[in-house]
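Asks: My file is model-v9.cif. It has mmCIF, C-alpha atoms:
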data_start
#
loop_
_atom_site.label_atom_id
_atom_site.label_comp_id
_atom_site.auth_asym_id
_atom_site.auth_seq_id
_atom_site.Cartn_x
_atom_site.Cartn_y
_atom_site.Cartn_z
CA MET L 468 -4.93 -18.33 10.87
CA PHE L 469 -2.20 -15.70 10.68
CA SER L 470 -2.29 -14.69 7.02
CA LYS L 471 -1.07 -11.10 7.47
CA SER L 472 1.83 -9.49 9.24
CA CYS L 473 1.77 -6.03 10.81
CA LEU L 474 3.79 -4.83 7.83
CA ASP L 475 1.05 -6.02 5.46
CA ILE L 476 -1.59 -4.18 7.45
CA TRP L 477 0.53 -1.03 7.65
CA LYS L 478 1.05 -1.01 3.88
CA GLU L 479 -2.70 -1.38 3.28
CA GLU L 480 -3.57 1.44 5.66
CA SER L 481 -0.85 3.77 4.37
CA GLN L 482 -2.22 3.46 0.83
CA GLN L 483 -5.84 4.08 1.87
CA LEU L 484 -7.15 7.57 1.20
CA GLY L 485 -9.33 9.47 3.64
CA ILE L 486 -12.24 11.85 3.06
CA VAL L 487 -11.12 15.46 2.79
CA THR L 488 -12.81 18.18 4.81
CA PHE L 489 -11.68 21.02 2.50
CA CYS L 490 -9.53 22.33 5.35
CA LYS L 491 -5.97 21.06 4.91
CA ASP L 492 -5.00 21.72 8.53
CA LEU L 493 -7.96 19.67 9.75
CA ASP L 494 -7.22 16.89 7.25
CA VAL L 495 -3.67 16.58 8.61
CA ALA L 496 -4.93 16.59 12.20
CA LEU L 497 -7.40 13.82 11.38
CA GLY L 498 -4.92 11.56 9.64
CA SER L 499 -2.98 13.25 6.81
CA SER L 500 -5.68 12.86 4.15
CA GLY L 501 -8.83 13.59 6.11
CA VAL L 502 -11.31 11.36 7.90
CA PRO L 503 -9.95 7.79 7.78
CA VAL L 504 -11.99 4.89 6.43
CA GLY L 505 -12.43 1.70 8.42
CA GLN L 506 -12.90 3.65 11.64
CA ILE L 507 -15.52 5.48 13.70
CA THR L 508 -14.89 9.21 14.06
CA GLU L 509 -16.95 11.24 16.51
CA PHE L 510 -17.63 14.97 16.27
CA CYS L 511 -18.57 16.22 19.71
CA GLY L 512 -19.68 19.68 20.75
CA PRO L 513 -22.52 21.99 21.78
CA PRO L 514 -25.25 23.18 19.36
CA GLY L 515 -23.84 25.49 16.70
CA SER L 516 -20.32 24.05 16.87
CA GLY L 517 -20.30 22.78 13.28
CA LYS L 518 -21.01 19.06 13.78
CA THR L 519 -23.78 18.78 11.16
CA GLN L 520 -21.94 21.16 8.82
CA LEU L 521 -18.94 18.84 8.82
CA CYS L 522 -21.19 15.82 8.22
CA ILE L 523 -22.78 17.45 5.18
CA GLN L 524 -19.39 18.56 3.83
CA LEU L 525 -18.02 15.04 4.13
CA SER L 526 -21.14 13.67 2.42
CA VAL L 527 -20.12 15.76 -0.58
CA SER L 528 -16.36 15.23 -0.34
CA THR L 529 -16.60 11.45 -0.33
CA GLN L 530 -17.95 11.64 -3.89
CA ILE L 531 -14.91 13.41 -5.38
CA PRO L 532 -13.60 11.23 -8.25
CA ALA L 533 -10.69 8.92 -7.53
CA GLU L 534 -8.66 10.67 -10.26
CA LEU L 535 -8.70 13.81 -8.11
CA GLY L 536 -7.77 12.02 -4.91
CA GLY L 537 -11.29 11.24 -3.69
CA LEU L 538 -13.13 8.01 -3.00
CA GLY L 539 -15.78 8.32 -5.70
CA GLY L 540 -18.33 6.83 -3.30
CA LYS L 541 -21.76 7.54 -1.86
CA THR L 542 -23.09 8.45 1.59
CA MET L 543 -25.72 6.98 3.89
CA PHE L 544 -27.01 9.77 6.16
CA PHE L 545 -29.04 8.84 9.27
CA ASP L 546 -30.62 12.01 10.69
CA THR L 547 -32.21 11.91 14.15
CA ASN L 548 -33.03 15.55 14.92
CA PHE L 549 -33.73 17.17 11.54
CA GLY L 550 -30.33 18.86 11.41
CA PHE L 551 -29.87 17.93 7.75
CA THR L 552 -31.19 20.26 5.04
CA PRO L 553 -31.10 19.65 1.26
CA GLN L 554 -30.48 23.37 0.71
CA ARG L 555 -27.24 23.24 2.69
CA LEU L 556 -26.21 20.11 0.80
CA GLU L 557 -26.84 21.93 -2.49
CA GLU L 558 -24.68 24.88 -1.40
CA MET L 559 -21.76 22.66 -0.42
CA ALA L 560 -22.16 20.51 -3.53
CA THR L 561 -21.97 23.66 -5.65
CA GLY L 562 -18.80 24.75 -3.84
CA CYS L 563 -17.24 21.30 -4.34
CA VAL L 564 -18.03 21.18 -8.06
CA GLN L 565 -16.63 24.67 -8.59
CA HIS L 566 -13.47 23.79 -6.67
CA CYS L 567 -12.86 20.62 -8.70
CA GLN L 568 -13.54 22.42 -11.98
CA LYS L 569 -11.02 25.10 -11.05
CA LEU L 570 -8.47 22.48 -9.96
CA VAL L 571 -8.72 20.67 -13.29
CA SER L 572 -8.70 23.81 -15.46
CA VAL L 573 -5.64 25.28 -13.74
CA HIS L 574 -3.52 22.29 -12.68
CA ARG L 575 -4.82 19.05 -14.21
CA LYS L 576 -6.30 19.71 -17.63
CA GLY L 577 -5.68 16.12 -18.64
CA LEU L 578 -8.29 15.01 -16.10
CA ALA L 579 -11.17 16.98 -17.57
CA TYR L 580 -12.92 13.68 -18.36
CA ALA L 581 -13.07 12.86 -14.62
CA ILE L 582 -15.44 15.73 -13.85
CA ARG L 583 -17.53 15.57 -17.01
CA ASP L 584 -20.45 14.11 -15.05
CA PHE L 585 -19.46 15.62 -11.70
CA THR L 586 -22.51 17.83 -11.18
CA VAL L 587 -24.46 19.25 -8.25
CA ASP L 588 -27.43 17.01 -9.05
CA LYS L 589 -25.22 13.92 -9.08
CA LEU L 590 -23.69 14.83 -5.73
CA MET L 591 -27.09 15.33 -4.15
CA ASP L 592 -28.31 12.06 -5.65
CA GLY L 593 -25.30 10.32 -4.08
CA VAL L 594 -26.51 10.97 -0.52
CA TYR L 595 -29.05 8.45 0.76
CA TYR L 596 -31.09 10.07 3.54
CA LYS L 597 -33.16 8.49 6.31
CA HIS L 598 -34.78 10.22 9.26
CA ILE L 599 -34.68 8.03 12.37
CA GLN L 600 -36.91 8.41 15.43
CA GLN L 601 -36.36 5.17 17.36
CA CYS L 602 -33.30 3.07 18.18
CA SER L 603 -35.06 0.05 16.64
CA GLU L 604 -35.38 2.01 13.36
CA LEU L 605 -31.67 2.78 13.47
CA LEU L 606 -30.75 -0.89 13.94
CA ASP L 607 -33.04 -1.80 11.03
CA GLY L 608 -31.37 0.93 8.97
CA ILE L 609 -27.93 -0.45 9.74
CA ASN L 610 -29.09 -3.92 8.66
CA SER L 611 -30.33 -2.40 5.38
CA LEU L 612 -26.99 -0.65 5.00
CA GLU L 613 -25.21 -3.98 5.39
CA ARG L 614 -27.33 -5.50 2.62
CA LEU L 615 -26.45 -2.59 0.31
CA LEU L 616 -22.75 -3.02 1.06
CA ARG L 617 -22.95 -6.74 0.40
CA ALA L 618 -24.61 -5.94 -2.94
CA GLU L 619 -21.50 -3.87 -3.73
CA GLU L 620 -23.27 -0.53 -3.46
CA LYS L 621 -20.33 1.87 -3.24
CA ILE L 622 -21.15 3.54 0.08
CA ARG L 623 -17.93 4.96 1.51
CA LEU L 624 -19.38 7.14 4.27
CA VAL L 625 -22.00 6.47 6.94
CA VAL L 626 -23.24 9.41 9.02
CA LEU L 627 -25.25 9.18 12.25
CA ASP L 628 -26.27 12.69 13.29
CA SER L 629 -26.88 12.64 16.21
CA MET L 630 -26.28 9.44 18.15
CA SER L 631 -26.65 11.08 21.55
CA TYR L 632 -29.98 12.64 20.60
CA ILE L 633 -31.69 9.40 19.64
CA ILE L 634 -30.34 7.42 22.60
CA ARG L 635 -30.93 10.03 25.29
CA ASN L 636 -34.43 10.85 24.03
CA ASN L 637 -35.58 7.24 23.74
CA ILE L 638 -33.93 5.41 26.62
CA GLU L 639 -34.06 6.51 30.27
CA ASN L 640 -32.24 3.62 31.91
CA THR L 641 -28.47 4.20 31.96
CA MET L 642 -27.51 0.55 31.56
CA GLU L 643 -29.92 0.15 28.65
CA ARG L 644 -28.39 3.22 27.00
CA ILE L 645 -24.96 1.62 27.30
CA ARG L 646 -26.21 -1.70 25.92
CA ILE L 647 -27.96 -0.18 22.88
CA GLY L 648 -25.08 2.20 22.20
CA TYR L 649 -22.62 -0.70 22.32
CA GLN L 650 -24.79 -2.70 19.93
CA ILE L 651 -25.03 0.17 17.43
CA LEU L 652 -21.32 0.99 17.47
CA THR L 653 -20.28 -2.66 17.27
CA LYS L 654 -22.33 -3.13 14.10
CA LEU L 655 -21.05 0.10 12.55
CA HIS L 656 -17.44 -0.66 13.39
CA ALA L 657 -17.68 -4.12 11.84
CA LEU L 658 -19.10 -2.66 8.62
CA ALA L 659 -16.49 0.11 8.53
CA ASN L 660 -13.68 -2.39 8.90
CA GLN L 661 -15.02 -4.96 6.46
CA TYR L 662 -16.10 -2.60 3.67
CA LYS L 663 -13.53 0.17 4.19
CA CYS L 664 -16.03 2.94 4.67
CA ALA L 665 -15.80 5.79 7.16
CA VAL L 666 -18.34 6.14 9.95
CA ILE L 667 -19.12 9.55 11.43
CA ILE L 668 -21.25 9.97 14.53
CA THR L 669 -22.08 13.18 16.36
CA ASN L 670 -22.36 13.56 20.10
CA ASP L 671 -23.61 16.38 22.30
CA VAL L 672 -22.07 17.66 25.51
CA THR L 673 -23.49 17.65 29.01
CA THR L 674 -22.60 19.11 32.40
CA ARG L 675 -21.10 16.77 34.99
CA PHE L 676 -21.20 17.85 38.62
CA ASN L 677 -18.63 16.81 41.20
CA PRO L 678 -20.47 14.77 43.88
CA ASN L 679 -17.92 15.91 46.46
CA ASP L 680 -18.30 19.55 45.50
CA PRO L 681 -21.78 20.53 44.20
CA SER L 682 -20.49 23.94 43.18
CA SER L 683 -17.92 22.37 40.85
CA SER L 684 -18.88 21.19 37.36
CA MET L 685 -17.38 20.52 33.95
CA VAL L 686 -18.67 20.12 30.39
CA VAL L 687 -18.07 16.60 29.06
CA PRO L 688 -19.18 14.52 26.05
CA ALA L 689 -22.58 12.90 26.49
CA LEU L 690 -23.19 9.11 26.55
CA GLY L 691 -20.53 8.44 29.18
CA GLU L 692 -17.09 6.89 29.42
CA SER L 693 -18.08 3.43 28.18
CA HIS L 694 -19.18 4.98 24.89
CA SER L 695 -15.76 6.55 24.32
CA HIS L 696 -14.13 3.11 24.29
CA LYS L 697 -16.06 2.16 21.13
CA ILE L 698 -14.97 5.10 18.98
CA ASN L 699 -11.59 5.36 17.26
CA GLN L 700 -11.18 9.11 17.35
CA ARG L 701 -13.01 12.04 18.92
CA ILE L 702 -12.93 15.61 17.65
CA ILE L 703 -14.12 18.28 20.10
CA LEU L 704 -15.72 21.23 18.29
CA GLY L 705 -16.62 24.70 19.48
CA PRO L 706 -16.87 28.27 18.20
CA SER L 707 -13.71 30.34 18.49
CA SER L 708 -13.73 32.83 21.36
CA ASN L 709 -11.00 34.95 19.77
CA ARG L 710 -12.48 38.33 18.90
CA ASP L 711 -9.98 38.72 16.07
CA ASP L 712 -11.37 35.66 14.27
CA ALA L 713 -14.05 36.09 11.62
CA PRO L 714 -17.63 34.92 12.33
CA GLY L 715 -18.05 31.24 11.57
CA THR L 716 -14.59 30.30 12.85
CA ILE L 717 -14.60 26.91 14.62
CA LEU L 718 -11.99 25.28 16.87
CA ALA L 719 -11.41 21.55 16.38
CA SER L 720 -9.39 19.68 19.01
CA ILE L 721 -8.28 16.07 18.68
CA GLY L 722 -9.50 14.55 21.93
CA LYS L 723 -8.73 10.93 21.05
CA SER L 724 -7.09 9.35 18.02
CA LEU L 725 -5.47 6.09 16.97
CA LEU L 726 -3.43 7.88 14.34
CA ARG L 727 -2.54 11.40 15.39
CA PRO L 728 -1.25 13.27 18.45
CA SER L 729 -3.37 15.88 20.20
CA ALA L 730 -3.81 19.05 18.16
CA THR L 731 -6.11 22.04 17.84
CA VAL L 732 -6.86 23.72 14.52
CA LYS L 733 -9.25 26.36 13.26
CA PHE L 734 -11.52 26.28 10.22
CA HIS L 735 -14.21 28.45 8.67
CA ILE L 736 -17.80 27.55 7.87
CA THR L 737 -18.66 29.43 4.71
CA GLU L 738 -21.56 29.35 2.27
CA ALA L 739 -19.54 26.99 0.07
CA GLY L 740 -18.77 24.68 3.02
CA ILE L 741 -15.83 23.95 5.32
CA ARG L 742 -12.74 25.93 4.40
CA ARG L 743 -9.24 26.52 5.73
CA PHE L 744 -8.82 29.16 8.41
CA ARG L 745 -7.49 32.47 7.21
CA LYS L 746 -6.81 35.49 9.35
CA LYS L 747 -8.71 38.69 8.72
#
Go through the file and emit its structure as structure tokens.
Replies:
Amino acid sequence: MFSKSCLDIWKEESQQLGIVTFCKDLDVALGSSGVPVGQITEFCGPPGSGKTQLCIQLSVSTQIPAELGGLGGKTMFFDTNFGFTPQRLEEMATGCVQHCQKLVSVHRKGLAYAIRDFTVDKLMDGVYYKHIQQCSELLDGINSLERLLRAEEKIRLVVLDSMSYIIRNNIENTMERIRIGYQILTKLHALANQYKCAVIITNDVTTRFNPNDPSSSMVVPALGESHSHKINQRIILGPSSNRDDAPGTILASIGKSLLRPSATVKFHITEAGIRRFRKK
């Protein structure tokens, strides 16, 4: 029954690479090498806070060849509110290809063979896309995903953008929302753990009023407290309010993590994708 010790598990996890965001500070905050595999990571924030932008960037980054420190895998992208656009994927894929070409030409010329077929078209072809309108469609999609993983399809990232949108727009009863959400996350977590892929979900925010003081309110993640118990780490996103920061600067705060302490970092959203924060 007990075939592994904690040391065995620690060694396995310490050798497992994550998915880079193209912002080193954010990668360190998330777990030293980016978004960890085998776990569910949630990006939570209001509209325009960079949730979908990060999902698209990670869909590209997960395909970076293993020789360059990537996973060399593919992405399954479940889109519920038409936030995904092929044009944005093409822009970020172009930025990723150019970055890897520059990296090889300047620092790792011996790895030129690794990016010989690393093209924008290949990166776009490596993202499987499915628009989802009903929770039943999502559960069917997850079952299809499991069959692909069993068939050794190299899917290393699963994106659900946005989980809160599909649940809140399809289910009115609070207890039913909790039940369906639990079912979805349980399936995704099992697949992430078994096949060592990363799962990214996005969540909106909502206003919670204090029943003892109607004039008091606070902005909190949607889907409730029970939902937060099923995710491994939560990243709170929002635009920077610092006037000295350039447009497109986003704040990312680690709200919950199994791996890292609380931290807040900044990053830029550029035409080429997510990039490290630089002062003006």
Asks: Using the chain letters and numbering of this document, enumerate as a ChimeraX atom specification the residues selected by the PyMOL selection byres ((chain L and resi 690-703) around 10).
Replies: /L:496-497,502-503,505-513,516,518,630-632,634-635,641,644-646,648-649,651-653,656,666-673,687-689,704-705,718-727,729-731
Asks: So what do you get for atom CA of L:Cys522 versus atom CA of L:Asp628, distance-wise?
Replies: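 Separation between atom CA of L:Cys522 and atom CA of L:Asp628: 7.8 Å.
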Asks: Nearest to L:Val564 among L:Met591, L:Thr552, L:Cys490, L:Phe544, with distances taken over only C-alpha atoms: which residue is it?
Replies: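 Smallest separation from L:Val564 among the options: L:Met591.
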Asks: Figure out the distance between atom CA of L:Asn637 and atom CA of L:Tyr595, please, to one decimal in Å.
Replies: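 So the answer is 23.9 Å.
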Asks: For a test of reading the model, state the distance in Å between atom CA of L:Arg575 and atom CA of L:Pro532, rounded to one decimal.
Replies: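 Atom-to-atom, atom CA of L:Arg575 to atom CA of L:Pro532, that is 13.2 Å.
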Asks: Mind telling me what the PyMOL selection byres ((chain L and resi 736) around 9) catches here, as a ChimeraX atom specification?
Replies: /L:517,520-521,714-717,734-735,737-743
Asks: For those residues, write C-alpha atoms to a file as a PDB file, in the coordinates of the input.
Replies:
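Just written: again02.pdb:
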ATOM      1  CA  GLY L 517     -20.300  22.780  13.280  1.00  0.00           C
ATOM      2  CA  GLN L 520     -21.940  21.160   8.820  1.00  0.00           C
ATOM      3  CA  LEU L 521     -18.940  18.840   8.820  1.00  0.00           C
ATOM      4  CA  PRO L 714     -17.630  34.920  12.330  1.00  0.00           C
ATOM      5  CA  GLY L 715     -18.050  31.240  11.570  1.00  0.00           C
ATOM      6  CA  THR L 716     -14.590  30.300  12.850  1.00  0.00           C
ATOM      7  CA  ILE L 717     -14.600  26.910  14.620  1.00  0.00           C
ATOM      8  CA  PHE L 734     -11.520  26.280  10.220  1.00  0.00           C
ATOM      9  CA  HIS L 735     -14.210  28.450   8.670  1.00  0.00           C
ATOM     10  CA  THR L 737     -18.660  29.430   4.710  1.00  0.00           C
ATOM     11  CA  GLU L 738     -21.560  29.350   2.270  1.00  0.00           C
ATOM     12  CA  ALA L 739     -19.540  26.990   0.070  1.00  0.00           C
ATOM     13  CA  GLY L 740     -18.770  24.680   3.020  1.00  0.00           C
ATOM     14  CA  ILE L 741     -15.830  23.950   5.320  1.00  0.00           C
ATOM     15  CA  ARG L 742     -12.740  25.930   4.400  1.00  0.00           C
ATOM     16  CA  ARG L 743      -9.240  26.520   5.730  1.00  0.00           C
TER      17      ARG L 743
END
Asks: Determine the residue set returned by the PyMOL selection byres ((chain L and resi 746) around 9) for the present structure, and present it as a list in words.
Replies: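 Selected by the PyMOL selection byres ((chain L and resi 746) around 9) here: Asp711, Asp712, Ala713, Phe744, Arg745 and Lys747 of chain L.
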Asks: If you count only C-alpha atoms, which residues fall within 8 Å of L:Lys597, apart from same-chain ones fewer than 6 positions away, as a PDB file with C-alpha atoms, in the coordinates of the input?
Replies:
ATOM      1  CA  MET L 543     -25.720   6.980   3.890  1.00  0.00           C
ATOM      2  CA  PHE L 544     -27.010   9.770   6.160  1.00  0.00           C
ATOM      3  CA  PHE L 545     -29.040   8.840   9.270  1.00  0.00           C
ATOM      4  CA  ASP L 546     -30.620  12.010  10.690  1.00  0.00           C
TER       5      ASP L 546
END
Asks: In the coordinates of the file, take the point (-15.7, 22.3, -12.7) and a cut-off of 12 Å; then, counting all atoms listed in the file, name each qualifying protein, DNA or RNA residue as a short mmCIF file (atom, residue, chain, number, x, y, z; two decimals) with C-alpha atoms, in the coordinates of the input.
Replies:
data_model
loop_
_atom_site.label_atom_id
_atom_site.label_comp_id
_atom_site.auth_asym_id
_atom_site.auth_seq_id
_atom_site.Cartn_x
_atom_site.Cartn_y
_atom_site.Cartn_z
CA ILE L 531 -14.91 13.41 -5.38
CA LEU L 535 -8.70 13.81 -8.11
CA ALA L 560 -22.16 20.51 -3.53
CA THR L 561 -21.97 23.66 -5.65
CA GLY L 562 -18.80 24.75 -3.84
CA CYS L 563 -17.24 21.30 -4.34
CA VAL L 564 -18.03 21.18 -8.06
CA GLN L 565 -16.63 24.67 -8.59
CA HIS L 566 -13.47 23.79 -6.67
CA CYS L 567 -12.86 20.62 -8.70
CA GLN L 568 -13.54 22.42 -11.98
CA LYS L 569 -11.02 25.10 -11.05
CA LEU L 570 -8.47 22.48 -9.96
CA VAL L 571 -8.72 20.67 -13.29
CA SER L 572 -8.70 23.81 -15.46
CA VAL L 573 -5.64 25.28 -13.74
CA ARG L 575 -4.82 19.05 -14.21
CA LYS L 576 -6.30 19.71 -17.63
CA LEU L 578 -8.29 15.01 -16.10
CA ALA L 579 -11.17 16.98 -17.57
CA TYR L 580 -12.92 13.68 -18.36
CA ALA L 581 -13.07 12.86 -14.62
CA ILE L 582 -15.44 15.73 -13.85
CA ARG L 583 -17.53 15.57 -17.01
CA ASP L 584 -20.45 14.11 -15.05
CA PHE L 585 -19.46 15.62 -11.70
CA THR L 586 -22.51 17.83 -11.18
CA VAL L 587 -24.46 19.25 -8.25
#
Asks: Near L:Leu525, counting all atoms listed in the file, which residues have an atom at most 9 Å away, once you skip same-chain residues fewer than 4 positions from it, shown as a PyMOL selection string?
Replies: chain L and resi 486-489+502+520-521+529-530+542+624
Asks: I'd like to know which of L:Phe551, L:Val732, L:Gly577, L:Arg617 is closest to L:Glu534, using all atoms listed in the file.
Replies: L:Gly577
Asks: Pick out the closest residue to L:Arg555 from this set: L:Asp492, L:Ala533, L:Thr519, L:His574. Count all atoms listed in the file.
Replies: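 Closest candidate: L:Thr519.
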Asks: When you look at L:Glu613 with a cut-off of 12 Å (counting only C-alpha atoms), what residues show up, excluding the ones that are within fewer than 2 positions of it in the same chain? I need them as a list in words.
Replies: Met543, Leu606, Asp607, Gly608, Ile609, Asn610, Ser611, Leu615, Leu616, Arg617, Ala618, Glu619, Glu620, Lys621, Ile622, Val625, Lys654, Leu655, His656, Ala657, Leu658, Ala659, Gln661, Tyr662 and Cys664 of chain L
